Structures are given as structure tokens and as C-alpha cells.
Amino acid sequence: MSYSSVDLIKELNDFITVHEDEVVFINRTIALAEASENCFHRNHLPGHITCSAWITNPEMNLVLMTHHKKLGYWFQLGGHCDEDTNDIRINTMREAKEESGLTQITFADPYIFDLDVHRIPESSKMPEHYHHDIRFWLFANPDEKVIVSEESNDVKWIPLEEVHNYNAYRSITRMVDKTLLKRSLM
């Protein structure tokens with residue numbers, strides 16, 4: 001079964017958040033998906049869907065992050081949708097495995113975990129545009145060896161309570177807060 005912008009719109013309509021910034025992002029991403037079925041393709045402008053993996057250990061006290069080579073910041077793993085499929089879960093898992101080298105990764109939850117829309121500056125290859133980043137929460141074993149892909153300067157497990165020392169942007173701290181809440185409910 002093929003994943004489409006209609007499927008994404010349904011998932012976004014079902015996505016419940018208490019974070020006001022995410023409500024704005026939901027509405028912007030629904031508008032993007034309603035405007036074009038090509039919203040998953042990296043050449044779709046002024047923005048397109050990207051997918052990210054918020055990877056923690058099952059105990060939820062470590063997060064796997066990458067130091068992005070081009071942007072020079074620590075982020076969750078993720079990237080563009082593959083041209084072969086629009087399926088956001090397949091793309092999230094592909095990016096997680098490619099950027100970490102991990103093979104034993106599972107979805108902690110099948111539903112969208114977080115949503116962020118952020119500006120990507122103009123480059124020699126692309127004009128300024130927006131990434132509508134759909135994020136899923138995944139589990140992995142921190143004992144499995146990680147690799148550093150060509151897109152990264154480093155990839156490592158960071159204690160959840162120290163993530164703000166690596167990246168204090170709201171986009172990241174919101175996911176930390178969500179993880180802390182889920183951990184407190186376990």
C-alpha cells in the first residue's frame with residue numbers, strides 16, 4: 001500500500017499536542033500536504049516533508065544524536081524522504097540506520113512523536129526553503145556499535161538530562177520534555 005499526502009493529513013489531524021508551537025506546525029504541514037502530492041520530494045519548494053528519528057535506549061535515559069557536518073550542531077538523526085517511497089516510517093528507519101550503522105532499531109511508538117518546521121538557508125544547490133520534519137520515537141541498544149556517516153562529524157549517545165548542553169533549541173528541548181514525561185509515566 002502506498003503512503004500519500006492524504007495519509008499524512010489524516011495522521012496530522014490525529015496528532016495531539018499540548019505545545020502551541022506544534023499546533024502552528026501541524027497547520028502549516030497540512031497546508032503543504034493539501035497543496036501537492038509532491039510534498040515528500042526534496043525538490044518541492046518552498047518546502048517539503050523530512051523524517052527524523054528520536055532514538056533513545058529503552059530506559060529512556062540516553063539519546064543518540066549526530067553532530068551535523070553542514071550545520072555544525074547536534075541533532076536527532078534524520079533526513080529527506082527517499083524518492084522511491086513517501087512512507088514516513090520507512091524513511092525514518094532508513095535514515096536512522098544509515099546515519100548510525102545500528103541494525104537493531106524498533107519504533108517505541110507507531111505514532112508521530114514530534115513535528116517541527118524550520119527554515120533551511122539558501123545554498124549553492126537550493127534556494128531557502130522549509131523542512132516539515134515528522135519525527136518518530138525509536139528504541140535502540142546503546143551497546144551496539146555506532147558509525148559516523150559522511151554527513152556527520154560525530155554520532156554518540158548523550159544522557160537525556162545533558163542534551164540541552166549540546167543543543168538547547170526548542171525543537172530539541174521539546175522532545176526531551178516529551179521523553180521525560182513518558183519516562184515518568186512508566
# chains A, B, ... in the order shown; residues from 1 in each chain; ligands from 1
>>> residues_around(residues="Thr17 (chain A)", least_positions_apart="5", cutoff="12 Å", atoms="only C-alpha atoms", output="list in words")
Leu12, Glu22, Val23, Val24, Phe25, Ile26, Ile112, Phe113, Asp114, Leu115, Arg174, Met175 and Lys178 of chain A
>>> write_last_selection(atoms="C-alpha atoms", output="PDB file, in the first residue's frame")
ATOM      1  CA  LEU A  12      -1.529  15.100  11.329  1.00  0.00           C
ATOM      2  CA  GLU A  22       3.482  22.341  17.243  1.00  0.00           C
ATOM      3  CA  VAL A  23      -0.131  23.393  16.603  1.00  0.00           C
ATOM      4  CA  VAL A  24       1.215  26.002  14.178  1.00  0.00           C
ATOM      5  CA  PHE A  25       3.496  23.384  12.599  1.00  0.00           C
ATOM      6  CA  ILE A  26       0.595  20.939  12.179  1.00  0.00           C
ATOM      7  CA  ILE A 112       4.114  10.726  15.232  1.00  0.00           C
ATOM      8  CA  PHE A 113       6.170  11.805  18.248  1.00  0.00           C
ATOM      9  CA  ASP A 114       7.007  15.383  17.309  1.00  0.00           C
ATOM     10  CA  LEU A 115       6.672  17.846  14.461  1.00  0.00           C
ATOM     11  CA  ARG A 174      10.530  19.811  23.340  1.00  0.00           C
ATOM     12  CA  MET A 175      11.462  16.187  22.523  1.00  0.00           C
ATOM     13  CA  LYS A 178       8.195  14.643  25.972  1.00  0.00           C
TER      14      LYS A 178
END
>>> closest_atom_pairs(of="region 112-134 of chain A", to="region 50-54 of chain A", cutoff="8 Å", atoms="only C-alpha atoms", output="JSON lines")
{"residue": "A:His131", "atom": "CA", "partner": "A:Thr50", "partner_atom": "CA", "distance": 6.0}
{"residue": "A:His132", "atom": "CA", "partner": "A:Thr50", "partner_atom": "CA", "distance": 5.8}
{"residue": "A:Asp133", "atom": "CA", "partner": "A:Thr50", "partner_atom": "CA", "distance": 4.6}
{"residue": "A:Ile134", "atom": "CA", "partner": "A:Cys51", "partner_atom": "CA", "distance": 4.8}
>>> write_last_selection(atoms="C-alpha atoms", output="PDB file, in the first residue's frame")
ATOM      1  CA  HIS A 131      11.683  21.338   6.213  1.00  0.00           C
ATOM      2  CA  HIS A 132       8.446  19.992   7.660  1.00  0.00           C
ATOM      3  CA  ASP A 133      10.079  17.406   9.886  1.00  0.00           C
ATOM      4  CA  ILE A 134       7.959  14.448  11.001  1.00  0.00           C
TER       5      ILE A 134
END
>>> atom_distance(atom1="CA of Asn61 (chain A)", atom2="CA of Leu138 (chain A)")
13.1 Å
>>> select_by_dssp(residues="chain A", states="alpha helix (DSSP H)", output="JSON, numbers by chain")
{"A": [5, 6, 7, 8, 9, 10, 11, 12, 13, 14, 20, 21, 22, 23, 24, 25, 26, 27, 28, 29, 30, 31, 32, 33, 34, 35, 88, 89, 90, 91, 92, 93, 94, 95, 96, 97, 98, 99, 100, 163, 164, 165, 166, 170, 171, 172, 173, 174, 175, 176, 177, 178, 179, 180, 181, 182, 183, 184, 185]}
>>> select_by_dssp(residues="region 1-176 of chain A", states="strand (DSSP E or B)", output="PyMOL selection string")
chain A and resi 47-56+62-68+74-75+77-80+105-107+114-120+129-140+152-159
>>> closest_atom_pairs(of="region 50-80 of chain A", to="region 90-100 of chain A", cutoff="12 Å", atoms="only C-alpha atoms", output="Markdown table")
| residue | atom | partner | partner_atom | distance |
| --- | --- | --- | --- | --- |
| A:Thr50 | CA | A:Asn91 | CA | 8.5 |
| A:Cys51 | CA | A:Thr92 | CA | 5.2 |
| A:Ser52 | CA | A:Thr92 | CA | 5.5 |
| A:Ala53 | CA | A:Thr92 | CA | 5.9 |
| A:Trp54 | CA | A:Ala96 | CA | 8.9 |
| A:Ile55 | CA | A:Ala96 | CA | 8.2 |
| A:Thr56 | CA | A:Ala96 | CA | 11.7 |
| A:Leu64 | CA | A:Ser100 | CA | 8.5 |
| A:Met65 | CA | A:Ser100 | CA | 9.0 |
| A:Thr66 | CA | A:Glu99 | CA | 8.1 |
| A:His67 | CA | A:Glu99 | CA | 10.8 |
| A:His68 | CA | A:Glu99 | CA | 10.3 |
| A:Lys69 | CA | A:Glu99 | CA | 11.9 |
| A:Phe75 | CA | A:Glu99 | CA | 11.6 |
| A:Gln76 | CA | A:Ala96 | CA | 9.1 |
| A:Leu77 | CA | A:Ala96 | CA | 5.8 |
| A:Gly78 | CA | A:Glu95 | CA | 5.2 |
| A:Gly79 | CA | A:Glu95 | CA | 6.3 |
| A:His80 | CA | A:Asn91 | CA | 7.7 |
>>> write_last_selection(atoms="C-alpha atoms", output="PDB file, in the first residue's frame")
ATOM      1  CA  THR A  50      11.533  15.302   6.051  1.00  0.00           C
ATOM      2  CA  CYS A  51      11.702  12.497   8.614  1.00  0.00           C
ATOM      3  CA  SER A  52      13.630  12.206  11.850  1.00  0.00           C
ATOM      4  CA  ALA A  53      14.369   9.539  14.431  1.00  0.00           C
ATOM      5  CA  TRP A  54      14.443  10.469  18.118  1.00  0.00           C
ATOM      6  CA  ILE A  55      16.365   7.401  19.272  1.00  0.00           C
ATOM      7  CA  THR A  56      16.583   6.554  22.953  1.00  0.00           C
ATOM      8  CA  LEU A  64      21.502   9.067  20.115  1.00  0.00           C
ATOM      9  CA  MET A  65      22.481  12.320  18.415  1.00  0.00           C
ATOM     10  CA  THR A  66      24.595  13.353  15.462  1.00  0.00           C
ATOM     11  CA  HIS A  67      26.836  16.369  15.053  1.00  0.00           C
ATOM     12  CA  HIS A  68      25.680  17.535  11.608  1.00  0.00           C
ATOM     13  CA  LYS A  69      28.616  18.246   9.311  1.00  0.00           C
ATOM     14  CA  PHE A  75      20.568  16.969  16.183  1.00  0.00           C
ATOM     15  CA  GLN A  76      18.462  13.844  16.125  1.00  0.00           C
ATOM     16  CA  LEU A  77      19.132  11.573  13.128  1.00  0.00           C
ATOM     17  CA  GLY A  78      17.044  12.074  10.011  1.00  0.00           C
ATOM     18  CA  GLY A  79      16.795  13.454   6.518  1.00  0.00           C
ATOM     19  CA  HIS A  80      14.885  13.631   3.282  1.00  0.00           C
TER      20      HIS A  80
END
